[in-house]
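File shown: protein08.cif (mmCIF, C-alpha atoms).
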data_data
#
loop_
_atom_site.label_atom_id
_atom_site.label_comp_id
_atom_site.auth_asym_id
_atom_site.auth_seq_id
_atom_site.Cartn_x
_atom_site.Cartn_y
_atom_site.Cartn_z
CA MET V 1 30.96 -4.57 46.83
CA VAL V 2 32.02 -1.64 49.00
CA ASN V 3 28.90 -2.10 51.09
CA SER V 4 29.66 -5.78 51.69
CA SER V 5 33.21 -4.88 52.68
CA GLU V 6 31.95 -2.32 55.14
CA ALA V 7 29.53 -4.88 56.55
CA ARG V 8 32.48 -7.10 57.37
CA GLY V 9 34.13 -4.28 59.29
CA GLN V 10 36.73 -3.64 56.62
CA GLN V 11 38.34 -0.22 56.38
CA VAL V 12 37.67 0.89 52.81
CA PRO V 13 40.39 3.05 51.21
CA ALA V 14 39.65 6.70 50.48
CA PRO V 15 38.51 7.48 46.90
CA ALA V 16 41.82 9.18 46.14
CA GLU V 17 43.60 5.89 46.87
CA ILE V 18 41.45 3.82 44.51
CA SER V 19 42.24 3.15 40.86
CA VAL V 20 39.42 3.54 38.33
CA LEU V 21 39.65 0.74 35.77
CA ASN V 22 37.83 0.11 32.50
CA CYS V 23 35.29 -2.70 32.48
CA ILE V 24 35.16 -5.01 29.45
CA ASP V 25 31.92 -6.91 28.81
CA LEU V 26 32.82 -10.15 27.04
CA SER V 27 29.18 -10.69 26.06
CA SER V 28 28.91 -7.34 24.25
CA PRO V 29 28.21 -7.57 20.50
CA ASP V 30 30.02 -4.23 20.04
CA ILE V 31 33.51 -5.64 19.53
CA GLN V 32 34.99 -2.32 18.45
CA SER V 33 33.87 -0.63 21.65
CA SER V 34 35.31 -3.48 23.73
CA VAL V 35 38.62 -3.32 21.85
CA SER V 36 38.76 0.45 22.32
CA LEU V 37 38.16 0.20 26.07
CA LEU V 38 40.70 -2.60 26.39
CA LYS V 39 43.35 -0.74 24.40
CA GLN V 40 42.90 2.33 26.55
CA ALA V 41 43.37 0.22 29.67
CA CYS V 42 46.46 -1.53 28.26
CA LEU V 43 48.07 1.82 27.42
CA ASP V 44 47.21 3.33 30.79
CA SER V 45 47.68 0.74 33.54
CA GLY V 46 47.65 -2.74 32.02
CA PHE V 47 44.75 -3.59 34.38
CA PHE V 48 41.02 -3.87 33.66
CA TYR V 49 37.90 -5.75 34.71
CA VAL V 50 36.19 -8.44 32.63
CA ILE V 51 32.48 -9.12 33.25
CA ASN V 52 29.89 -11.47 31.72
CA HIS V 53 32.68 -13.94 31.05
CA GLY V 54 30.51 -17.04 31.14
CA ILE V 55 31.58 -18.57 34.47
CA GLU V 56 28.57 -18.78 36.77
CA GLU V 57 28.75 -16.95 40.09
CA GLU V 58 27.56 -20.04 41.96
CA PHE V 59 30.44 -22.06 40.53
CA MET V 60 32.94 -19.33 41.46
CA ASP V 61 31.61 -19.48 45.02
CA GLU V 62 32.20 -23.24 45.01
CA VAL V 63 35.80 -22.79 43.84
CA PHE V 64 36.45 -20.34 46.67
CA SER V 65 34.79 -22.69 49.14
CA GLN V 66 36.99 -25.58 48.03
CA SER V 67 40.07 -23.37 48.21
CA LYS V 68 39.26 -22.45 51.81
CA ARG V 69 38.77 -26.12 52.65
CA PHE V 70 42.27 -26.91 51.53
CA PHE V 71 43.96 -24.02 53.33
CA SER V 72 42.11 -24.90 56.54
CA LEU V 73 43.87 -28.29 56.66
CA PRO V 74 46.60 -28.82 59.26
CA MET V 75 50.04 -27.75 58.06
CA GLU V 76 51.25 -31.35 58.26
CA GLU V 77 48.67 -32.37 55.64
CA LYS V 78 49.42 -29.44 53.35
CA MET V 79 53.16 -30.06 53.46
CA LYS V 80 52.57 -33.58 52.11
CA LEU V 81 51.60 -31.79 48.91
CA LEU V 82 54.58 -29.42 48.82
CA ARG V 83 55.20 -28.14 45.29
CA ASN V 84 57.40 -30.37 43.20
CA GLU V 85 60.08 -29.59 40.62
CA LYS V 86 57.29 -28.94 38.08
CA ASN V 87 55.84 -26.24 40.34
CA ARG V 88 52.68 -28.19 41.10
CA GLY V 89 51.30 -28.29 44.62
CA TYR V 90 51.43 -26.36 47.88
CA THR V 91 53.59 -23.31 48.62
CA PRO V 92 53.83 -22.40 52.32
CA MET V 93 54.23 -18.97 53.85
CA PHE V 94 57.44 -17.24 52.72
CA ASP V 95 58.06 -19.77 49.92
CA GLU V 96 57.83 -16.89 47.49
CA SER V 97 59.60 -13.54 47.73
CA LEU V 98 58.46 -11.32 44.88
CA ASP V 99 60.39 -8.23 45.94
CA PRO V 100 63.41 -9.57 47.86
CA SER V 101 65.25 -6.26 47.98
CA ASN V 102 62.36 -4.74 49.99
CA GLN V 103 61.05 -7.77 51.93
CA ILE V 104 62.46 -9.07 55.19
CA HIS V 105 60.96 -12.57 55.06
CA GLY V 106 58.98 -13.13 51.88
CA ASP V 107 55.30 -13.06 50.98
CA TYR V 108 52.83 -13.52 53.84
CA LYS V 109 50.70 -15.89 51.81
CA GLU V 110 50.32 -19.58 51.04
CA GLY V 111 49.30 -20.96 47.68
CA TYR V 112 48.58 -24.00 45.58
CA TYR V 113 49.65 -24.49 41.94
CA ILE V 114 47.54 -26.48 39.48
CA GLY V 115 48.59 -26.77 35.84
CA VAL V 116 47.50 -28.57 32.71
CA GLU V 117 47.06 -32.23 33.71
CA ILE V 118 49.60 -34.38 31.84
CA SER V 119 50.01 -38.11 32.46
CA GLU V 120 53.43 -39.46 33.32
CA ALA V 121 53.39 -41.47 30.07
CA ASP V 122 53.10 -38.32 27.95
CA ALA V 123 56.35 -37.13 26.31
CA ASP V 124 55.48 -33.55 27.33
CA THR V 125 56.25 -34.42 30.96
CA GLN V 126 59.92 -33.87 30.07
CA LYS V 127 59.17 -30.16 29.75
CA PRO V 128 59.31 -27.73 32.69
CA PHE V 129 55.94 -26.88 34.28
CA TYR V 130 54.27 -29.93 32.67
CA GLY V 131 53.31 -33.16 34.39
CA PRO V 132 50.70 -34.68 36.70
CA ASN V 133 49.21 -32.38 39.31
CA GLU V 134 49.35 -32.99 43.06
CA TRP V 135 45.83 -33.72 44.32
CA PRO V 136 44.79 -33.79 48.00
CA SER V 137 42.51 -36.80 47.41
CA GLU V 138 45.50 -38.84 46.30
CA VAL V 139 47.52 -38.59 49.51
CA LYS V 140 48.19 -42.17 50.63
CA ARG V 141 47.48 -43.18 54.22
CA HIS V 142 49.32 -46.35 55.29
CA LYS V 143 48.24 -48.89 57.89
CA GLY V 144 50.26 -51.91 58.89
CA PRO V 145 53.96 -52.57 59.46
CA GLU V 146 55.09 -51.93 55.88
CA LYS V 147 54.62 -49.27 53.25
CA HIS V 148 54.65 -50.12 49.59
CA LYS V 149 53.32 -48.98 46.25
CA CYS V 150 50.04 -50.40 45.04
CA HIS V 151 48.40 -49.40 41.78
CA SER V 152 44.88 -50.42 42.74
CA ARG V 153 42.51 -47.83 44.18
CA LEU V 154 41.65 -49.52 47.45
CA THR V 155 38.95 -49.14 50.06
CA GLU V 156 38.60 -50.16 53.67
CA ASP V 157 37.36 -53.60 52.60
CA GLU V 158 39.17 -56.25 54.66
CA ASN V 159 39.36 -58.50 51.59
CA PHE V 160 41.16 -56.15 49.20
CA PRO V 161 43.85 -57.88 47.07
CA CYS V 162 47.06 -56.99 48.84
CA HIS V 163 49.02 -59.43 51.02
CA TYR V 164 51.85 -57.17 52.17
CA SER V 165 50.10 -54.54 54.26
CA ARG V 166 46.91 -52.60 54.33
CA ILE V 167 46.81 -49.29 52.48
CA LEU V 168 44.00 -46.78 52.57
CA ILE V 169 43.69 -43.95 50.05
CA LEU V 170 41.34 -41.59 51.78
CA ASP V 171 39.46 -39.06 49.65
CA PHE V 172 39.34 -36.45 52.39
CA MET V 173 38.59 -33.63 49.92
CA PRO V 174 35.65 -35.02 47.90
CA GLY V 175 34.93 -33.05 44.75
CA TRP V 176 38.05 -30.93 45.13
CA ARG V 177 39.92 -32.19 42.07
CA GLU V 178 36.83 -32.14 39.86
CA THR V 179 36.06 -28.54 40.85
CA MET V 180 39.59 -27.33 40.16
CA GLU V 181 39.90 -29.13 36.83
CA LYS V 182 36.57 -27.71 35.68
CA TYR V 183 37.61 -24.21 36.74
CA HIS V 184 40.97 -24.55 35.00
CA GLN V 185 39.21 -25.36 31.72
CA LYS V 186 36.66 -22.57 32.05
CA ALA V 187 39.29 -19.96 32.96
CA LEU V 188 41.35 -20.98 29.93
CA GLU V 189 38.35 -20.25 27.70
CA VAL V 190 37.99 -16.79 29.25
CA ALA V 191 41.71 -16.07 28.89
CA ARG V 192 41.62 -17.07 25.22
CA ALA V 193 38.66 -14.73 24.66
CA VAL V 194 40.57 -11.85 26.25
CA SER V 195 43.66 -12.64 24.14
CA ARG V 196 41.58 -12.22 20.98
CA LEU V 197 40.55 -8.70 22.01
CA ILE V 198 44.19 -7.92 22.82
CA ALA V 199 45.22 -9.12 19.35
CA LEU V 200 42.73 -6.76 17.74
CA ALA V 201 43.97 -3.91 19.95
CA LEU V 202 47.48 -4.58 18.61
CA ASP V 203 46.23 -4.43 14.99
CA LEU V 204 46.69 -8.18 14.57
CA ASN V 205 44.28 -10.85 13.37
CA PHE V 206 41.87 -11.70 16.18
CA ASP V 207 43.19 -15.28 16.31
CA PHE V 208 46.89 -14.33 16.36
CA PHE V 209 47.47 -15.81 19.83
CA ASP V 210 45.43 -18.91 18.95
CA GLN V 211 48.15 -20.05 16.59
CA PRO V 212 49.43 -23.56 17.46
CA GLU V 213 52.96 -22.28 18.07
CA ILE V 214 51.73 -19.69 20.59
CA LEU V 215 48.79 -21.09 22.58
CA GLY V 216 48.49 -24.55 21.06
CA LYS V 217 49.83 -26.12 24.27
CA PRO V 218 49.93 -23.25 26.73
CA ILE V 219 51.54 -23.23 30.16
CA ALA V 220 48.26 -22.37 31.88
CA ILE V 221 48.59 -22.24 35.65
CA LEU V 222 45.86 -21.92 38.27
CA ARG V 223 47.00 -20.71 41.68
CA LEU V 224 44.88 -20.64 44.80
CA LEU V 225 46.04 -18.01 47.30
CA HIS V 226 45.42 -17.38 50.99
CA TYR V 227 46.74 -14.31 52.82
CA GLU V 228 46.92 -14.50 56.59
CA ASP V 229 45.15 -12.01 58.84
CA ARG V 230 48.16 -9.78 59.29
CA THR V 231 48.46 -6.07 58.67
CA SER V 232 51.22 -5.28 56.21
CA GLU V 233 53.92 -2.78 57.13
CA PRO V 234 55.65 -1.65 53.93
CA GLU V 235 58.11 0.54 55.81
CA LYS V 236 59.29 -2.61 57.64
CA GLY V 237 59.37 -4.83 54.58
CA ILE V 238 56.20 -6.78 55.47
CA PHE V 239 53.85 -7.40 52.53
CA GLY V 240 51.10 -9.85 51.68
CA ALA V 241 52.82 -10.06 48.30
CA GLY V 242 55.82 -7.97 47.32
CA ALA V 243 55.82 -5.60 44.35
CA HIS V 244 56.18 -7.45 41.06
CA SER V 245 54.95 -7.76 37.51
CA ASP V 246 53.51 -11.03 36.23
CA PHE V 247 55.64 -13.20 33.99
CA GLY V 248 53.48 -14.33 31.08
CA LEU V 249 50.80 -13.19 28.66
CA ILE V 250 47.81 -12.29 30.85
CA THR V 251 46.52 -13.02 34.35
CA LEU V 252 42.90 -13.46 35.43
CA LEU V 253 42.33 -12.75 39.11
CA ALA V 254 39.20 -13.57 41.08
CA THR V 255 39.08 -12.19 44.62
CA ASP V 256 36.88 -12.18 47.68
CA ASP V 257 35.56 -8.81 48.89
CA ILE V 258 38.63 -7.84 50.89
CA PHE V 259 40.74 -4.94 49.63
CA GLY V 260 44.46 -5.65 49.27
CA LEU V 261 45.60 -5.49 45.65
CA GLN V 262 47.47 -2.30 44.72
CA ILE V 263 48.96 -1.14 41.42
CA CYS V 264 51.71 1.37 40.62
CA LYS V 265 51.27 2.82 37.14
CA ASP V 266 54.74 4.40 37.07
CA ARG V 267 57.42 2.16 38.56
CA HIS V 268 60.06 4.84 37.99
CA ALA V 269 58.27 7.54 40.00
CA ASN V 270 59.90 8.66 43.24
CA PRO V 271 58.02 8.23 45.45
CA GLN V 272 55.93 5.52 43.84
CA ILE V 273 52.18 6.07 43.94
CA TRP V 274 50.12 3.00 44.84
CA GLU V 275 46.38 2.72 44.20
CA TYR V 276 43.96 0.03 45.39
CA VAL V 277 42.04 -2.07 42.86
CA PRO V 278 38.56 -2.58 44.34
CA PRO V 279 37.10 -6.10 44.35
CA LEU V 280 34.17 -6.42 41.95
CA LYS V 281 31.76 -9.30 42.55
CA GLY V 282 31.49 -11.63 39.58
CA ALA V 283 34.31 -9.97 37.64
CA PHE V 284 37.86 -10.93 36.84
CA ILE V 285 40.63 -8.41 37.38
CA VAL V 286 42.85 -8.85 34.33
CA ASN V 287 46.43 -7.66 34.01
CA LEU V 288 49.05 -7.93 31.32
CA GLY V 289 52.28 -9.86 31.84
CA ASP V 290 55.91 -9.29 30.91
CA MET V 291 55.74 -11.36 27.74
CA LEU V 292 52.96 -9.21 26.33
CA GLU V 293 54.96 -6.11 27.18
CA ARG V 294 57.89 -7.59 25.23
CA TRP V 295 55.66 -8.58 22.32
CA SER V 296 54.20 -5.06 22.17
CA ASN V 297 57.57 -3.30 22.53
CA CYS V 298 56.38 -1.70 25.79
CA ILE V 299 53.34 -0.15 24.13
CA PHE V 300 51.17 -2.27 26.40
CA ARG V 301 52.24 -2.34 30.02
CA SER V 302 53.05 -5.05 32.51
CA THR V 303 52.40 -3.04 35.65
CA LEU V 304 53.89 -3.38 39.11
CA HIS V 305 51.40 -4.63 41.69
CA ARG V 306 51.47 -5.88 45.26
CA VAL V 307 49.16 -6.98 48.07
CA LEU V 308 48.87 -5.27 51.45
CA GLY V 309 47.15 -7.07 54.31
CA ASN V 310 44.69 -5.14 56.47
CA GLY V 311 44.35 -7.56 59.37
CA GLN V 312 41.72 -9.75 57.70
CA GLU V 313 42.15 -13.06 55.92
CA ARG V 314 42.00 -12.70 52.15
CA TYR V 315 41.49 -15.31 49.43
CA SER V 316 42.10 -14.94 45.72
CA ILE V 317 42.45 -17.19 42.69
CA ALA V 318 44.94 -16.31 39.96
CA TYR V 319 45.04 -17.87 36.50
CA PHE V 320 48.23 -17.29 34.54
CA LEU V 321 48.14 -17.79 30.78
CA GLU V 322 51.61 -18.35 29.36
CA PRO V 323 52.50 -19.37 25.77
CA ASN V 324 53.85 -22.75 24.65
CA HIS V 325 57.23 -23.79 26.03
CA ASP V 326 59.03 -23.25 22.71
CA CYS V 327 57.18 -20.08 21.74
CA VAL V 328 59.65 -17.33 20.88
CA VAL V 329 58.49 -13.98 22.22
CA GLU V 330 59.76 -11.15 20.04
CA CYS V 331 58.61 -7.69 19.06
CA LEU V 332 55.53 -7.74 16.83
CA PRO V 333 55.75 -6.13 13.38
CA THR V 334 52.85 -3.83 14.29
CA CYS V 335 54.76 -2.53 17.33
CA GLN V 336 58.09 -1.48 15.79
CA SER V 337 59.40 1.07 13.34
CA GLU V 338 62.63 2.85 12.43
CA LYS V 339 61.98 5.32 15.21
CA SER V 340 60.93 2.60 17.63
CA PRO V 341 63.11 -0.50 17.12
CA PRO V 342 62.65 -3.59 19.33
CA LYS V 343 63.60 -2.91 22.95
CA TYR V 344 64.11 -6.57 23.89
CA PRO V 345 65.86 -9.48 22.17
CA PRO V 346 63.76 -12.57 21.33
CA ILE V 347 63.42 -15.07 24.16
CA LYS V 348 61.89 -18.53 24.48
CA CYS V 349 58.93 -18.69 26.84
CA GLN V 350 60.19 -21.55 29.03
CA ASP V 351 63.60 -19.93 29.46
CA TYR V 352 62.05 -16.70 30.71
CA LEU V 353 59.65 -18.48 33.06
CA LEU V 354 62.32 -20.77 34.52
CA GLN V 355 64.50 -17.80 35.41
CA ARG V 356 61.65 -15.81 36.95
CA TYR V 357 60.50 -18.76 39.08
CA LYS V 358 64.08 -19.37 40.21
CA ASP V 359 64.43 -15.71 41.19
CA THR V 360 61.23 -15.60 43.24
CA HIS V 361 60.74 -19.05 44.85
CA SER V 362 62.60 -20.87 47.60
CA ASP V 363 64.97 -23.68 46.67
CA LEU V 364 63.10 -26.96 47.24
CA ASN V 365 66.22 -28.35 48.95
CA SER V 366 65.60 -25.90 51.78
CA TYR V 367 62.61 -28.02 52.86
CA LYS V 368 64.65 -31.19 53.22
CA GLY V 369 66.23 -32.46 56.42
#

As structure tokens, the full file:
Amino acid sequence: MVNSSEARGQQVPAPAEISVLNCIDLSSPDIQSSVSLLKQACLDSGFFYVINHGIEEEFMDEVFSQSKRFFSLPMEEKMKLLRNEKNRGYTPMFDESLDPSNQIHGDYKEGYYIGVEISEADADTQKPFYGPNEWPSEVKRHKGPEKHKCHSRLTEDENFPCHYSRILILDFMPGWRETMEKYHQKALEVARAVSRLIALALDLNFDFFDQPEILGKPIAILRLLHYEDRTSEPEKGIFGAGAHSDFGLITLLATDDIFGLQICKDRHANPQIWEYVPPLKGAFIVNLGDMLERWSNCIFRSTLHRVLGNGQERYSIAYFLEPNHDCVVECLPTCQSEKSPPKYPPIKCQDYLLQRYKDTHSDLNSYKG
């Protein structure tokens, strides 16, 4: 990977600036060894690699290719898919500010949220973060003097059954939705597999997180990300993504071969020490989220991380696995004692997520007018 980065003219960080992470092989029959490596990583940095996860490299390349296709669209087209109140859809540059006290504008990145697909007729659409996704192929193009709703999928046939005006739904991103839905499903399988190793590392039954009340109907969110070709200037408050910890259970991150992700193992250190996480072809970078830190009573760590731009475009794909809406996250029995009582009160998953999204994303009303 380093060689490919050098071939692209990328300045590779010095070895002293690079974090060395454990690598978990999901295909290994030696479960105890995998659990031991994972536990060590969760106690140390909360970050590790996962390899042999079952998603083919050719398919990952296709997902990245489709992501680039979307972000290369004109801004006018992307803004037609601006994220909605369910946090589905496009997020433009500066929509998110992950470290507002240290950022002057917000994150120098654009993104696209895709969640579990729920039809409008499903009762679960009343819940936050649940509902139909926004799909580029479903943007309506109108021709004629009037615009109106039509429930038929129409073509350019002059004889289509509509006597008010002509409407064309142009699939200008063929295969895009199918690719993303397939990836969402495959990534969920990988995330569930990782959660089982985490359960064993916490001295729980391997299927603890598979319980219906925890991951029966998870808030599983795929997010495509594109960082512009700008060099970050931390001293001036300019970051690809500001310092933050993730909100949920675990995050799977696939990246291109451009360096940018940094972690800070000790957020309380002064000065903070930041280390790069090298891209690893074919692997996921996995990190623990705040809810797992709460569940484990801070035994396992939700670590600060950020992205610094180096003057090159960078693409990544994050997959956030969060529990059910009504799941109550509270200290596990295996993670507390008289000497170490629970550090956090119980909290419902959707309540925590709603607050964190409100704290870090722009008000949708700011895009009106």

Run the PyMOL selection byres ((chain V and resi 52-60) around 10) mentally over the shown coordinates, then write out the matched residues as a PyMOL selection string, using the chain letters and numbers from the document.
chain V and resi 24-28+50-51+61-66+179+182-183+186-187+189-191+193-194+254-255+281-284+317

Selection dump of the PyMOL selection byres ((chain V and resi 305) around 12), as JSON, numbers by chain:
{"V": [45, 46, 47, 98, 99, 239, 240, 241, 242, 243, 244, 245, 246, 260, 261, 262, 263, 264, 265, 266, 267, 272, 273, 274, 275, 276, 277, 287, 288, 289, 301, 302, 303, 304, 306, 307, 308]}

Take the residues from that selection and write them out as a PDB file, in the frame of the given file, keeping C-alpha atoms.
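Written output follows (out.pdb):
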ATOM      1  CA  SER V  45      47.680   0.740  33.540  1.00  0.00           C
ATOM      2  CA  GLY V  46      47.650  -2.740  32.020  1.00  0.00           C
ATOM      3  CA  PHE V  47      44.750  -3.590  34.380  1.00  0.00           C
ATOM      4  CA  LEU V  98      58.460 -11.320  44.880  1.00  0.00           C
ATOM      5  CA  ASP V  99      60.390  -8.230  45.940  1.00  0.00           C
ATOM      6  CA  PHE V 239      53.850  -7.400  52.530  1.00  0.00           C
ATOM      7  CA  GLY V 240      51.100  -9.850  51.680  1.00  0.00           C
ATOM      8  CA  ALA V 241      52.820 -10.060  48.300  1.00  0.00           C
ATOM      9  CA  GLY V 242      55.820  -7.970  47.320  1.00  0.00           C
ATOM     10  CA  ALA V 243      55.820  -5.600  44.350  1.00  0.00           C
ATOM     11  CA  HIS V 244      56.180  -7.450  41.060  1.00  0.00           C
ATOM     12  CA  SER V 245      54.950  -7.760  37.510  1.00  0.00           C
ATOM     13  CA  ASP V 246      53.510 -11.030  36.230  1.00  0.00           C
ATOM     14  CA  GLY V 260      44.460  -5.650  49.270  1.00  0.00           C
ATOM     15  CA  LEU V 261      45.600  -5.490  45.650  1.00  0.00           C
ATOM     16  CA  GLN V 262      47.470  -2.300  44.720  1.00  0.00           C
ATOM     17  CA  ILE V 263      48.960  -1.140  41.420  1.00  0.00           C
ATOM     18  CA  CYS V 264      51.710   1.370  40.620  1.00  0.00           C
ATOM     19  CA  LYS V 265      51.270   2.820  37.140  1.00  0.00           C
ATOM     20  CA  ASP V 266      54.740   4.400  37.070  1.00  0.00           C
ATOM     21  CA  ARG V 267      57.420   2.160  38.560  1.00  0.00           C
ATOM     22  CA  GLN V 272      55.930   5.520  43.840  1.00  0.00           C
ATOM     23  CA  ILE V 273      52.180   6.070  43.940  1.00  0.00           C
ATOM     24  CA  TRP V 274      50.120   3.000  44.840  1.00  0.00           C
ATOM     25  CA  GLU V 275      46.380   2.720  44.200  1.00  0.00           C
ATOM     26  CA  TYR V 276      43.960   0.030  45.390  1.00  0.00           C
ATOM     27  CA  VAL V 277      42.040  -2.070  42.860  1.00  0.00           C
ATOM     28  CA  ASN V 287      46.430  -7.660  34.010  1.00  0.00           C
ATOM     29  CA  LEU V 288      49.050  -7.930  31.320  1.00  0.00           C
ATOM     30  CA  GLY V 289      52.280  -9.860  31.840  1.00  0.00           C
ATOM     31  CA  ARG V 301      52.240  -2.340  30.020  1.00  0.00           C
ATOM     32  CA  SER V 302      53.050  -5.050  32.510  1.00  0.00           C
ATOM     33  CA  THR V 303      52.400  -3.040  35.650  1.00  0.00           C
ATOM     34  CA  LEU V 304      53.890  -3.380  39.110  1.00  0.00           C
ATOM     35  CA  ARG V 306      51.470  -5.880  45.260  1.00  0.00           C
ATOM     36  CA  VAL V 307      49.160  -6.980  48.070  1.00  0.00           C
ATOM     37  CA  LEU V 308      48.870  -5.270  51.450  1.00  0.00           C
TER      38      LEU V 308
END

Give the answer as one residue: which of V:Asn84, V:Gln312, V:Gln350, V:Gln185 has the shortest atom-to-atom distance to Glu117 of chain V, using all atoms listed in the file?
V:Gln185

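Taking atom CA of Val35 of chain V as the reference point, atom CA of Phe300 of chain V is found at 13.4 Å.
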
Around all listed atoms of segment 257-267 of chain V, padded 3 Å per side, what centre and edge lengths does the axis-aligned box have in Å to one decimal, as JSON?
{"center_x": 46.5, "center_y": -2.2, "center_z": 44.0, "size_x": 27.9, "size_y": 19.2, "size_z": 19.8}

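As for atom CA of Thr334 of chain V and atom CA of Ala199 of chain V, they are spaced 10.6 Å apart.
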
Atomic distance atom CA of Lys80 of chain V - atom CA of Trp135 of chain V, expressed in Å with one decimal:
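Atom-to-atom, atom CA of Lys80 of chain V to atom CA of Trp135 of chain V, that is 10.3 Å.
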
When distances are computed from all atoms listed in the file, which of V:Ser19, V:Asn133, V:Gln10, V:Gln32 shows the smallest separation from Asp44 of chain V?
V:Ser19

Around (60.3, -7.1, 52.6) in the file's frame, which residues reach within 8 Å when counting all atoms listed in the file? Return as a ChimeraX atom specification?
/V:99-107,234,236-239,242

I'd like to know which of V:Gly216, V:Gly111, V:Gly311, V:Pro345 is closest to Lys68 of chain V, using all atoms listed in the file.
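Residue with the minimum atom-to-atom distance to Lys68 of chain V: V:Gly111.
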
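Nearest-residue note for Leu321 of chain V: choosing from V:Arg83, V:Lys217, V:Arg177, V:Lys127, the minimum distance belongs to V:Lys217, counting only C-alpha atoms.
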
Rank V:Asp229, V:Asp359, V:Glu330, V:Glu17 by their smallest atom-to-atom distance to Arg294 of chain V, using all atoms listed in the file, and report the top residue only.
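Closest candidate: V:Glu330.
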